[in-house]
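Everything on this sheet refers to the single structure shown next.
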Amino acid sequence: MSGPLTLVLAEITAGTPTVADMIRNTGLPDDVVRAALDHLVRSGRVTSSELSIGCPSGGCGTCGSALDGAPGCGRTTPDTLSGRRPGLVSLTLTRRV
Amino acid sequence: MPEPTRLRLPIAPTAQGSSPVSAKCGCHAVADRTAGADAPVIALVGAPNTGKSTLFNALTGSRVTMGNWPGTTVEVSRGVWRSTLLTPSCTCTDCSCDSSDEPTSLTVMDLPGAHSLDAHSPDEALTRTLLVDGPADERPDLVLATVDASRLAHGLYLVAQLRELPVRVLVIVTMADVASQRGVTLDPASLSTTLGCPVVVVDPRRRTGLDELAIAVRRILTTATPTPRSTPADDDQLVLDDDRFTWLSAAVDNGTSQPDGHRRTLSDRIDRWVTAPVVGPLIFLTVMWAVFQVTTVVAAPLQQALDGLFSGPVTDAVAAALTATHLQDTWVEGLLLNGLVAGVGMLLTFVPLMALMFVLLALLEDSGYLARAAVVTDRVMRLIGLPGRAFLPLVVGFGCNVPAISATRILPDARQRLLTALLVPFTSCSARLTVFVMLGTIFFGNQAGTAVFAMYVTSVMLVVLVGLILRRTLWRTMGSEPLIIDLPAYHLPTLRLTASVTWQRLRGFLKTASGLIVATVCAVWLLQAIPTTGGEAFGEVPVGDSVYGVMAHAVAPVFAPAGFGQWQTASALMVGFVAKEAVISSWAQTYAAEEPAPGQTGVLGEHVRAAFEQSSGGHPIPAVLAFMVFLLAYTPCIATLATQWREIGPRWTLFGIGMQLVTAWVLAVAVFQVGRLFW
């Protein structure tokens, strides 16, 4: 039987386009899915990257990486997955040799 | 108030094996900040931002601000927690012991924030060293794991790992108020049963729950070290991690409850439709159609007013100034009136339209809708086998192709970058919009918005079809990766951000109009002023006989099969190679120079309509549609070429120019030849 991590990984592989779809498809709690995604990113199975180009005209605080108005440059944890900030984040499966 | 001791512990990259640090280390630097060699040692662990350091300060009376920055030296704080409630002699169930009891002291260590014991960072490496890899007798007597109640699953992974170790674990749940605001109800007793260790709810900021924590700590310290949780006998890390997630998922299920199970927000409910495979694209198309329709209809009166201003009072004022300075009937009059006022003035009439368009797009962007459009676009692109992440540069291309080509750098694969950079010029940028709106207004009246919208749909289709052809021919082996987008919640757009984004884009449009377009207007004027025959003077030659006119006459026959083989139209496309905004200014210049009589400069539309009528043999509608398709598909501007040159090199840039010109010409001819059968 597959656990939450395997289910989430299968959703990524299947090409589920959004985290919301993933939550719906797996039936897992929102928090568990986001924690699983965070874990997959930390363990290197999934690559997370901000979908933004350059710096915003509205100042660092308006950037997709910003948290509570503070600049987000250099963040290493995918906080967006935790619903803490509104940026677009893409997750891609890391190819393992 | 005692000051805590801060240890700076340089952590080796790999924490396996022996380590110089331990929880009970009697280092000289910390001797005066411990409760004594025999006092129990408690380690505070938890993910960053779970209130761990605030709790440490509350327990030890210290003021410590911790910062966990990956790659820097890890800091650990130690302090003494003194409380009568910790006194082992107290056996009360509902404790209210006399404060005269001798307080018990414990050494508390505040370990750096760690999501797990997997040692992915120096912070986690230290935690692992102290709790896992160090000698068993040097480990702390008790581990207090702080867990954010609003993100319970995130914190429980570390707890799952701790429960696999032979250590006493006590879970401290913080931020229960935040969880409550989100509708999550916590059941500490059930959570404790599932986790197999005590659970105490504490608010370190308000210092509530500290007494309950002291009592729970006192009790657990008197019990034996618990049996570790059993784990699967499998070497595969994924299997082991999955088992931990199964365990923590059960704990979340048992220890929390939400009013309606998986609570769906308003955003979720809207997204159900907006990102749906079939309905989503239809909604996207409808929204974009509405944007163009509203833009053209609302901006039309403002545009007419500005047109009247430039062709009337501004022209009259410049003419009067020229007369006053005795420069009338000289080349200066030609440059100023027929060039700058007619050319740049005509372009500036589009400012209200562009402003309105930018406002509407900024509203869509700020509300979170464009992120959904990205999902819809991504799905379509993946369907045809294009790289999923390529949607972002392509979406940017609808604003301006130059930053869009730079944005291809986000793509990890060189071939994906190349393919996307070749497709970006087919996205209809805002400069082309001005020409589409002008021609749409002249030929389609109230349906101008629909005509413009059709051009944007054509643009998307061009990207898809050309992308497919290139994928099937040049890059057959290129794979596309799965992509997940975490959508931000919808929210009301803010006036400040909308105004800021609009102004930034409008400023870019004005900057182009005042820089590149003025230069182009001057160059066009110069070419129109140079005669090709000996009998005419500089600046007094009919445009058709100028260098400009002769060049245009030479090129025009190429466009005859597409229904716009007239030299004035061909010349506008030549100038459009520099920048698409210059198409309008060059038309205005050409027709103003041809008929410089007062009152004639305001009827540019009539001139353009007559030109298409004449060149198409009475089929102006298919001819203008063919012209618009050509304008959409051929080289966007000189700046885009320069960026392509930099990003993909000269060979592929030249390939792109050729591909765009061939595509544009073939499509334009097809549109006209098929269209003339119906119109």
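How things are named: the first chain in the structure tokens is A, the next is B, and so on; residues count from 1 in each chain; ligands count from 1 in the order shown.
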Contacts of region 201-211 of chain B within 10 Å, only C-alpha atoms, excl. fewer than 4 positions in-chain, as a ChimeraX atom specification: /B:50-59,83-86,95-96,146-147,149,171-177,186-188,215-217
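Residue neighbourhood of Arg676 (chain B), excluding near-sequence residues (fewer than 6 positions): Gly563, Ser616, Gly617, Gly618, His619, Pro620, Ile621, Pro622, Ala623 and Ala670 of chain B, at 10 Å, using only C-alpha atoms.
Distances from B:Ala371, B:Val466, B:Leu44, B:Ala552 to chain A were compared using only C-alpha atoms, and the smallest one belongs to B:Ala371.
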Region 340-550 of chain B: which residues are helix (DSSP H, G or I) by DSSP, as an MDAnalysis selection string? chainID B and resid 340:348 351:367 369:383 388:397 401:410 414:426 430:473 495:514 516:529 543:545 547:550
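Residue nearest chain A within the list B:Ala537, B:Ala664, B:Val376, B:Leu433: B:Val376 [criterion: smallest interatomic distance, only C-alpha atoms].
CA of Gly467 (chain B) lies 23.9 Å from CA of Ile283 (chain B).
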One decimal, Å: what's the distance from CA of Leu360 (chain B) over to CA of Val297 (chain B), could you say? 13.6 Å
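By chain and then residue number, the residues within 10 Å of Asn25 (chain A) are Leu7, Val8, Glu11, Thr16, Val19 and Ala20 of chain A, counting only C-alpha atoms and disregarding those fewer than 5 positions away in sequence.
Distance check against chain A using only C-alpha atoms: of B:Asp123, B:Glu540, B:Asp316, B:Asp242, the minimum falls on B:Asp242.
Distances here use only C-alpha atoms; by that measure, the residue among B:Gly544, B:Pro425, B:Pro650, B:Pro393 closest to chain A is B:Pro393.
Reported to one decimal place, the separation of CA of Ile42 (chain B) from CA of Val108 (chain B) is 4.8 Å.
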If we count only C-alpha atoms and set the cut-off at 8 Å, which residues sit around region 513-528 of chain B, ignoring sequence neighbours fewer than 5 positions away in its own chain? Please answer as an mmCIF file with C-alpha atoms, in the first residue's frame.
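So the final result, stored in part-v1.cif, reads:
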```cif
data_model
loop_
_atom_site.group_PDB
_atom_site.id
_atom_site.type_symbol
_atom_site.label_atom_id
_atom_site.label_comp_id
_atom_site.auth_asym_id
_atom_site.auth_seq_id
_atom_site.Cartn_x
_atom_site.Cartn_y
_atom_site.Cartn_z
ATOM 1 C CA GLY B 334 8.641 68.881 -43.367
ATOM 2 C CA LEU B 335 10.551 67.347 -40.470
ATOM 3 C CA GLY B 339 7.519 63.913 -39.363
ATOM 4 C CA LEU B 340 7.374 64.516 -35.654
ATOM 5 C CA GLY B 343 4.266 60.502 -36.853
ATOM 6 C CA VAL B 344 4.917 60.693 -33.138
ATOM 7 C CA LEU B 347 1.484 57.173 -31.941
ATOM 8 C CA LEU B 348 0.739 59.195 -28.818
ATOM 9 C CA GLY B 539 13.224 68.015 -49.008
ATOM 10 C CA VAL B 541 10.666 65.660 -53.670
ATOM 11 C CA PRO B 542 7.380 63.689 -53.826
ATOM 12 C CA VAL B 543 7.668 60.697 -51.490
ATOM 13 C CA SER B 546 12.429 59.701 -52.930
ATOM 14 C CA VAL B 547 14.901 57.015 -51.855
ATOM 15 C CA TYR B 548 12.226 55.806 -49.440
ATOM 16 C CA GLY B 549 9.593 55.559 -52.176
ATOM 17 C CA VAL B 575 9.982 50.455 -41.171
ATOM 18 C CA VAL B 578 12.851 48.513 -36.622
ATOM 19 C CA ALA B 579 9.851 48.681 -34.267
ATOM 20 C CA GLU B 581 5.098 51.267 -33.331
ATOM 21 C CA ALA B 582 6.924 52.837 -36.280
ATOM 22 C CA SER B 585 4.229 56.795 -37.562
ATOM 23 C CA SER B 586 5.616 55.974 -41.007
ATOM 24 C CA GLN B 589 4.471 60.538 -42.260
#
```
